[in-house]
$ cat run16.csv   # CSV, C-alpha atoms
chain,number,residue,atom,x,y,z
W,1,MET,CA,114.4,137.2,68.5
W,2,TYR,CA,116.8,137.9,71.4
W,3,GLN,CA,117.3,135.8,74.5
W,4,ILE,CA,118.6,136.9,77.9
W,5,ARG,CA,121.2,134.9,79.7
W,6,LYS,CA,124.1,135.1,82.1
W,7,ALA,CA,127.3,136.3,80.4
W,8,VAL,CA,130.2,134.0,79.9
W,9,PRO,CA,133.9,135.1,79.4
W,10,ASP,CA,133.6,134.6,75.6
W,11,ASP,CA,130.9,137.4,75.6
W,12,ALA,CA,133.5,140.0,76.7
W,13,LEU,CA,134.3,141.3,73.2
W,14,GLY,CA,130.6,141.5,72.3
W,15,ILE,CA,129.8,143.3,75.5
W,16,THR,CA,132.6,145.8,74.8
W,17,LEU,CA,131.5,146.4,71.2
W,18,VAL,CA,128.0,147.1,72.4
W,19,ASN,CA,129.3,149.5,75.0
W,20,VAL,CA,131.6,151.4,72.7
W,21,THR,CA,129.0,151.5,69.9
W,22,THR,CA,126.3,152.7,72.2
W,23,TRP,CA,128.4,155.4,73.7
W,24,GLU,CA,129.1,156.7,70.2
W,25,THR,CA,125.4,156.7,69.2
W,26,ALA,CA,123.9,157.8,72.5
W,27,TYR,CA,126.4,160.1,74.0
W,28,THR,CA,127.7,162.1,71.0
W,29,GLY,CA,127.0,165.7,72.0
W,30,LEU,CA,126.7,164.8,75.7
W,31,VAL,CA,130.3,164.0,76.4
W,32,PRO,CA,133.5,165.2,74.7
W,33,GLU,CA,134.2,163.5,71.4
W,34,LYS,CA,137.7,162.8,72.6
W,35,LEU,CA,136.3,160.6,75.4
W,36,ILE,CA,134.3,158.5,73.0
W,37,ASP,CA,137.4,158.2,70.7
W,38,GLU,CA,139.4,157.1,73.7
W,39,ARG,CA,136.9,154.3,74.5
W,40,ILE,CA,137.0,153.1,70.9
W,41,ALA,CA,140.9,153.1,70.9
W,42,ALA,CA,140.9,151.1,74.2
W,43,LEU,CA,138.5,148.4,72.8
W,44,ILE,CA,140.9,145.5,73.4
W,45,PRO,CA,142.0,146.3,76.9
W,46,ARG,CA,138.3,147.1,77.8
W,47,ALA,CA,137.3,143.7,76.5
W,48,GLU,CA,140.0,142.0,78.5
W,49,LYS,CA,138.8,143.8,81.6
W,50,SER,CA,135.3,142.6,81.0
W,51,ARG,CA,136.5,139.1,80.5
W,52,ARG,CA,138.4,139.2,83.8
W,53,ASP,CA,135.3,140.7,85.6
W,54,ILE,CA,133.1,137.9,84.3
W,55,GLU,CA,135.6,135.2,85.2
W,56,ASP,CA,135.8,136.7,88.7
W,57,GLY,CA,132.1,136.4,89.1
W,58,GLY,CA,130.9,139.9,88.1
W,59,HIS,CA,127.2,140.2,87.4
W,60,TYR,CA,126.7,140.5,83.7
W,61,LEU,CA,123.7,139.6,81.6
W,62,VAL,CA,123.6,139.6,77.9
W,63,ALA,CA,120.8,139.9,75.3
W,64,GLU,CA,121.8,137.9,72.2
W,65,ASP,CA,120.2,137.5,68.8
W,66,GLY,CA,121.4,134.5,66.8
W,67,GLY,CA,124.5,134.1,68.9
W,68,THR,CA,125.5,137.8,68.7
W,69,VAL,CA,125.5,140.0,71.8
W,70,ILE,CA,123.1,142.9,71.1
W,71,GLY,CA,122.9,144.3,74.6
W,72,PHE,CA,124.2,143.8,78.2
W,73,CYS,CA,123.6,144.7,81.8
W,74,MET,CA,126.3,144.9,84.5
W,75,PHE,CA,125.1,145.2,88.1
W,76,GLY,CA,125.9,144.6,91.7
W,77,ALA,CA,126.2,146.3,95.0
W,78,CYS,CA,126.0,150.1,94.8
W,79,ARG,CA,129.4,151.8,94.6
W,80,ASP,CA,128.1,155.1,95.9
W,81,GLU,CA,128.4,155.3,99.8
W,82,ARG,CA,125.4,157.6,99.9
W,83,TYR,CA,123.2,154.6,98.9
W,84,ARG,CA,124.9,152.0,101.1
W,85,GLY,CA,123.1,148.7,101.0
W,86,ALA,CA,121.4,149.3,97.7
W,87,GLY,CA,122.0,147.4,94.4
W,88,GLU,CA,123.1,149.3,91.3
W,89,ILE,CA,122.6,148.9,87.6
W,90,VAL,CA,126.2,149.9,86.6
W,91,ALA,CA,125.6,149.7,82.8
W,92,LEU,CA,122.7,148.8,80.6
W,93,TYR,CA,123.1,149.2,76.8
W,94,THR,CA,121.5,147.8,73.7
W,95,LEU,CA,122.5,148.4,70.2
W,96,ALA,CA,120.5,151.3,68.6
W,97,GLY,CA,118.6,149.0,66.2
W,98,TYR,CA,117.4,146.9,69.1
W,99,GLN,CA,116.2,149.8,71.3
W,100,GLY,CA,112.5,149.9,71.7
W,101,GLN,CA,112.2,146.1,71.1
W,102,GLY,CA,112.1,145.0,74.7
W,103,ALA,CA,115.7,143.8,75.1
W,104,GLY,CA,116.7,146.6,77.5
W,105,THR,CA,113.6,146.1,79.6
W,106,ALA,CA,114.2,142.3,79.7
W,107,LEU,CA,117.8,142.9,80.8
W,108,PHE,CA,116.7,145.4,83.4
W,109,ASN,CA,114.1,143.1,84.9
W,110,ALA,CA,116.4,140.1,85.0
W,111,ALA,CA,119.0,142.2,86.8
W,112,LEU,CA,116.4,143.4,89.3
W,113,GLU,CA,115.2,139.9,89.9
W,114,THR,CA,118.8,138.7,90.6
W,115,MET,CA,119.4,141.6,93.0
W,116,LYS,CA,116.2,140.9,94.8
W,117,THR,CA,117.2,137.3,95.4
W,118,GLU,CA,120.5,138.6,96.7
W,119,GLY,CA,118.7,140.6,99.4
W,120,PHE,CA,118.6,144.1,97.9
W,121,SER,CA,115.4,146.1,98.4
W,122,THR,CA,116.5,149.2,96.5
W,123,VAL,CA,118.4,149.7,93.2
W,124,ILE,CA,120.2,152.8,92.0
W,125,VAL,CA,120.8,153.8,88.4
W,126,ASN,CA,123.0,156.8,87.4
W,127,CYS,CA,121.8,158.4,84.2
W,128,LEU,CA,124.0,160.9,82.3
W,129,ARG,CA,122.4,164.3,82.1
W,130,GLY,CA,120.7,164.8,78.7
W,131,ASN,CA,120.5,161.1,78.0
W,132,PRO,CA,117.0,160.2,76.6
W,133,ALA,CA,117.3,156.9,78.6
W,134,LEU,CA,116.1,158.9,81.6
W,135,ARG,CA,112.5,158.5,80.2
W,136,PHE,CA,113.1,154.7,79.8
W,137,TYR,CA,114.1,154.4,83.5
W,138,GLU,CA,111.2,156.6,84.7
W,139,HIS,CA,108.8,154.5,82.6
W,140,LEU,CA,110.2,151.4,84.4
W,141,GLY,CA,109.3,153.0,87.8
W,142,GLY,CA,112.5,154.9,88.7
W,143,CYS,CA,112.3,158.1,90.6
W,144,VAL,CA,115.0,160.8,90.5
W,145,ILE,CA,116.3,161.2,94.0
W,146,GLY,CA,119.5,163.1,93.4
W,147,GLN,CA,122.3,164.1,91.2
W,148,TRP,CA,125.9,162.9,90.6
W,149,GLU,CA,129.0,164.3,89.1
W,150,HIS,CA,132.2,162.7,88.1
W,151,ASP,CA,135.6,164.2,87.3
W,152,ALA,CA,137.8,162.0,85.2
W,153,GLY,CA,140.9,164.1,84.5
W,154,GLU,CA,139.9,166.7,81.9
W,155,TYR,CA,136.3,165.3,81.7
W,156,ARG,CA,133.4,166.3,83.9
W,157,MET,CA,130.1,164.4,83.7
W,158,GLU,CA,126.9,165.0,85.5
W,159,GLY,CA,123.6,163.2,85.8
W,160,ASP,CA,120.6,162.1,87.7
W,161,VAL,CA,120.3,159.3,90.3
W,162,LEU,CA,117.2,157.2,90.1
W,163,ARG,CA,115.9,154.8,92.7
W,164,PHE,CA,113.9,151.7,92.2
W,165,ALA,CA,112.1,149.8,95.0
W,166,LEU,CA,112.1,146.1,94.8

$ encode --input "run16.csv" --output "structure tokens"
Amino acid sequence: MYQIRKAVPDDALGITLVNVTTWETAYTGLVPEKLIDERIAALIPRAEKSRRDIEDGGHYLVAEDGGTVIGFCMFGACRDERYRGAGEIVALYTLAGYQGQGAGTALFNAALETMKTEGFSTVIVNCLRGNPALRFYEHLGGCVIGQWEHDAGEYRMEGDVLRFAL
């Protein structure tokens, strides 16, 4: 069975593997295949960035099973100025075989509890349009309050903004 804990720098590669693998399984057909391929190709620099973020005090939680990272959650102050003063779940991913087993919910709840102790009363989640995780977030009490769009060079992504009251 999995356990939830604060990430340590040595979790960086596992976090990145979960991120890249989950992007491939969850977002195929929702984002350009080239974008997924670029994430896979950048595995090592992405892991190094995660390591630095964790070392610098970034908020990461991991779900692990037998010492292997099977999911993670990255969170902190909301980056979108429209929701100034809110917290944000920046990333929440679990490997496909562990989805529906409670690890994602446990990561989510642990992140919310941490943000609540840090003084946040509202948390924002951005969910890619077409992502079935929207139902997961709505089931956890999130309400769609707006939309977002992101242009990254040749890629354009859109999605929904969900709000959670703490």

$ closest_atom_pairs --input "run16.csv" --of "region 102-127 of chain W" --to "region 42-60 of chain W" --cutoff "10 Å" --atoms "only C-alpha atoms" --output "Markdown table"
| residue | atom | partner | partner_atom | distance |
| --- | --- | --- | --- | --- |
| W:Leu107 | CA | W:Tyr60 | CA | 9.7 |
| W:Ala111 | CA | W:His59 | CA | 8.5 |
| W:Thr114 | CA | W:His59 | CA | 9.1 |
| W:Met115 | CA | W:His59 | CA | 9.7 |

$ residues_around --input "run16.csv" --residues "region 124-132 of chain W" --least-positions-apart "6" --cutoff "9 Å" --atoms "only C-alpha atoms" --output "list of chain:residue names"
W:Ala26, W:Tyr27, W:Leu30, W:Cys78, W:Tyr83, W:Ala86, W:Gly87, W:Glu88, W:Ile89, W:Val90, W:Ala91, W:Gly142, W:Gln147, W:Trp148, W:Met157, W:Glu158, W:Gly159, W:Asp160, W:Val161, W:Leu162, W:Arg163, W:Phe164

$ residues_around --input "run16.csv" --residues "Leu112 (chain W)" --least-positions-apart "3" --cutoff "8 Å" --atoms "only C-alpha atoms" --output "PyMOL selection string"
chain W and resi 108-109+115-116+123+166

$ atom_distance --input "run16.csv" --atom1 "CA of Ile70 (chain W)" --atom2 "CA of Ala103 (chain W)"
8.5 Å

$ closest_residue --input "run16.csv" --among "W:Thr25, W:Gln101, W:Thr117, W:Thr122" --to "Gly85 (chain W)" --atoms "all atoms listed in the file"
W:Thr122

$ residues_around --input "run16.csv" --residues "Gly71 (chain W)" --least-positions-apart "6" --cutoff "10 Å" --atoms "all atoms listed in the file" --output "number ranges by chain"
W: 2, 4, 14-19, 22, 61-65, 92-96, 98-99, 103-104, 107

$ atom_distance --input "run16.csv" --atom1 "CA of Glu38 (chain W)" --atom2 "CA of Asp80 (chain W)"
25.0 Å

$ atom_distance --input "run16.csv" --atom1 "CA of Arg135 (chain W)" --atom2 "CA of Thr21 (chain W)"
20.7 Å

$ closest_residue --input "run16.csv" --among "W:Met74, W:Ala152, W:Val31, W:Ala165" --to "Ala12 (chain W)" --atoms "all atoms listed in the file"
W:Met74

$ decode --input "run16.csv" --residues "region 66-137 of chain W" --atoms "C-alpha atoms" --output "compact mmCIF listing (two decimals), in the first residue's frame"
# COMPACT_ATOMS: atom_id res chain seq x y z
CA GLY W 66 7.54 -0.01 -1.58
CA GLY W 67 10.00 2.86 -1.90
CA THR W 68 8.94 3.76 -5.46
CA VAL W 69 7.28 7.09 -6.25
CA ILE W 70 3.87 6.33 -7.79
CA GLY W 71 2.41 9.84 -7.57
CA PHE W 72 3.17 13.39 -6.56
CA CYS W 73 1.63 16.76 -5.86
CA MET W 74 3.33 20.14 -6.32
CA PHE W 75 1.61 23.16 -4.76
CA GLY W 76 2.09 26.65 -3.39
CA ALA W 77 0.87 30.21 -3.82
CA CYS W 78 -1.27 30.70 -6.92
CA ARG W 79 0.71 31.93 -9.92
CA ASP W 80 -2.32 33.53 -11.63
CA GLU W 81 -2.77 37.17 -10.57
CA ARG W 82 -6.53 36.84 -11.08
CA TYR W 83 -6.58 34.67 -7.93
CA ARG W 84 -4.12 36.62 -5.79
CA GLY W 85 -3.93 35.28 -2.25
CA ALA W 86 -5.11 31.78 -3.19
CA GLY W 87 -3.12 28.58 -3.04
CA GLU W 88 -2.67 26.42 -6.12
CA ILE W 89 -2.28 22.75 -6.88
CA VAL W 90 0.28 23.11 -9.67
CA ALA W 91 0.58 19.41 -10.50
CA LEU W 92 -1.10 16.26 -9.22
CA TYR W 93 -0.33 12.99 -10.97
CA THR W 94 -0.48 9.31 -10.13
CA LEU W 95 0.57 6.46 -12.37
CA ALA W 96 -2.34 4.98 -14.34
CA GLY W 97 -2.28 1.68 -12.44
CA TYR W 98 -2.71 3.53 -9.13
CA GLN W 99 -5.51 5.83 -10.23
CA GLY W 100 -8.78 5.11 -8.48
CA GLN W 101 -6.94 3.61 -5.50
CA GLY W 102 -7.00 6.72 -3.30
CA ALA W 103 -3.42 7.96 -3.75
CA GLY W 104 -4.47 11.05 -5.71
CA THR W 105 -7.12 11.95 -3.15
CA ALA W 106 -4.65 11.45 -0.30
CA LEU W 107 -2.06 13.67 -2.04
CA PHE W 108 -4.71 16.31 -2.74
CA ASN W 109 -6.00 16.35 0.84
CA ALA W 110 -2.48 16.50 2.31
CA ALA W 111 -1.65 19.46 0.06
CA LEU W 112 -4.87 21.25 1.05
CA GLU W 113 -4.10 20.69 4.73
CA THR W 114 -0.62 22.17 4.30
CA MET W 115 -1.97 25.19 2.43
CA LYS W 116 -4.63 25.71 5.08
CA THR W 117 -1.95 25.80 7.82
CA GLU W 118 -0.07 28.35 5.70
CA GLY W 119 -3.10 30.66 5.77
CA PHE W 120 -4.73 30.02 2.40
CA SER W 121 -8.55 29.91 2.41
CA THR W 122 -8.98 29.16 -1.29
CA VAL W 123 -7.12 26.81 -3.62
CA ILE W 124 -7.07 26.91 -7.43
CA VAL W 125 -6.56 23.98 -9.82
CA ASN W 126 -6.09 24.37 -13.57
CA CYS W 127 -7.40 21.35 -15.47
CA LEU W 128 -6.62 20.80 -19.16
CA ARG W 129 -9.73 20.88 -21.33
CA GLY W 130 -10.86 17.33 -22.11
CA ASN W 131 -8.95 15.84 -19.17
CA PRO W 132 -11.17 13.30 -17.37
CA ALA W 133 -9.53 14.46 -14.09
CA LEU W 134 -12.07 17.31 -14.14
CA ARG W 135 -14.61 14.85 -12.69
CA PHE W 136 -12.07 13.86 -10.00
CA TYR W 137 -11.67 17.50 -8.93
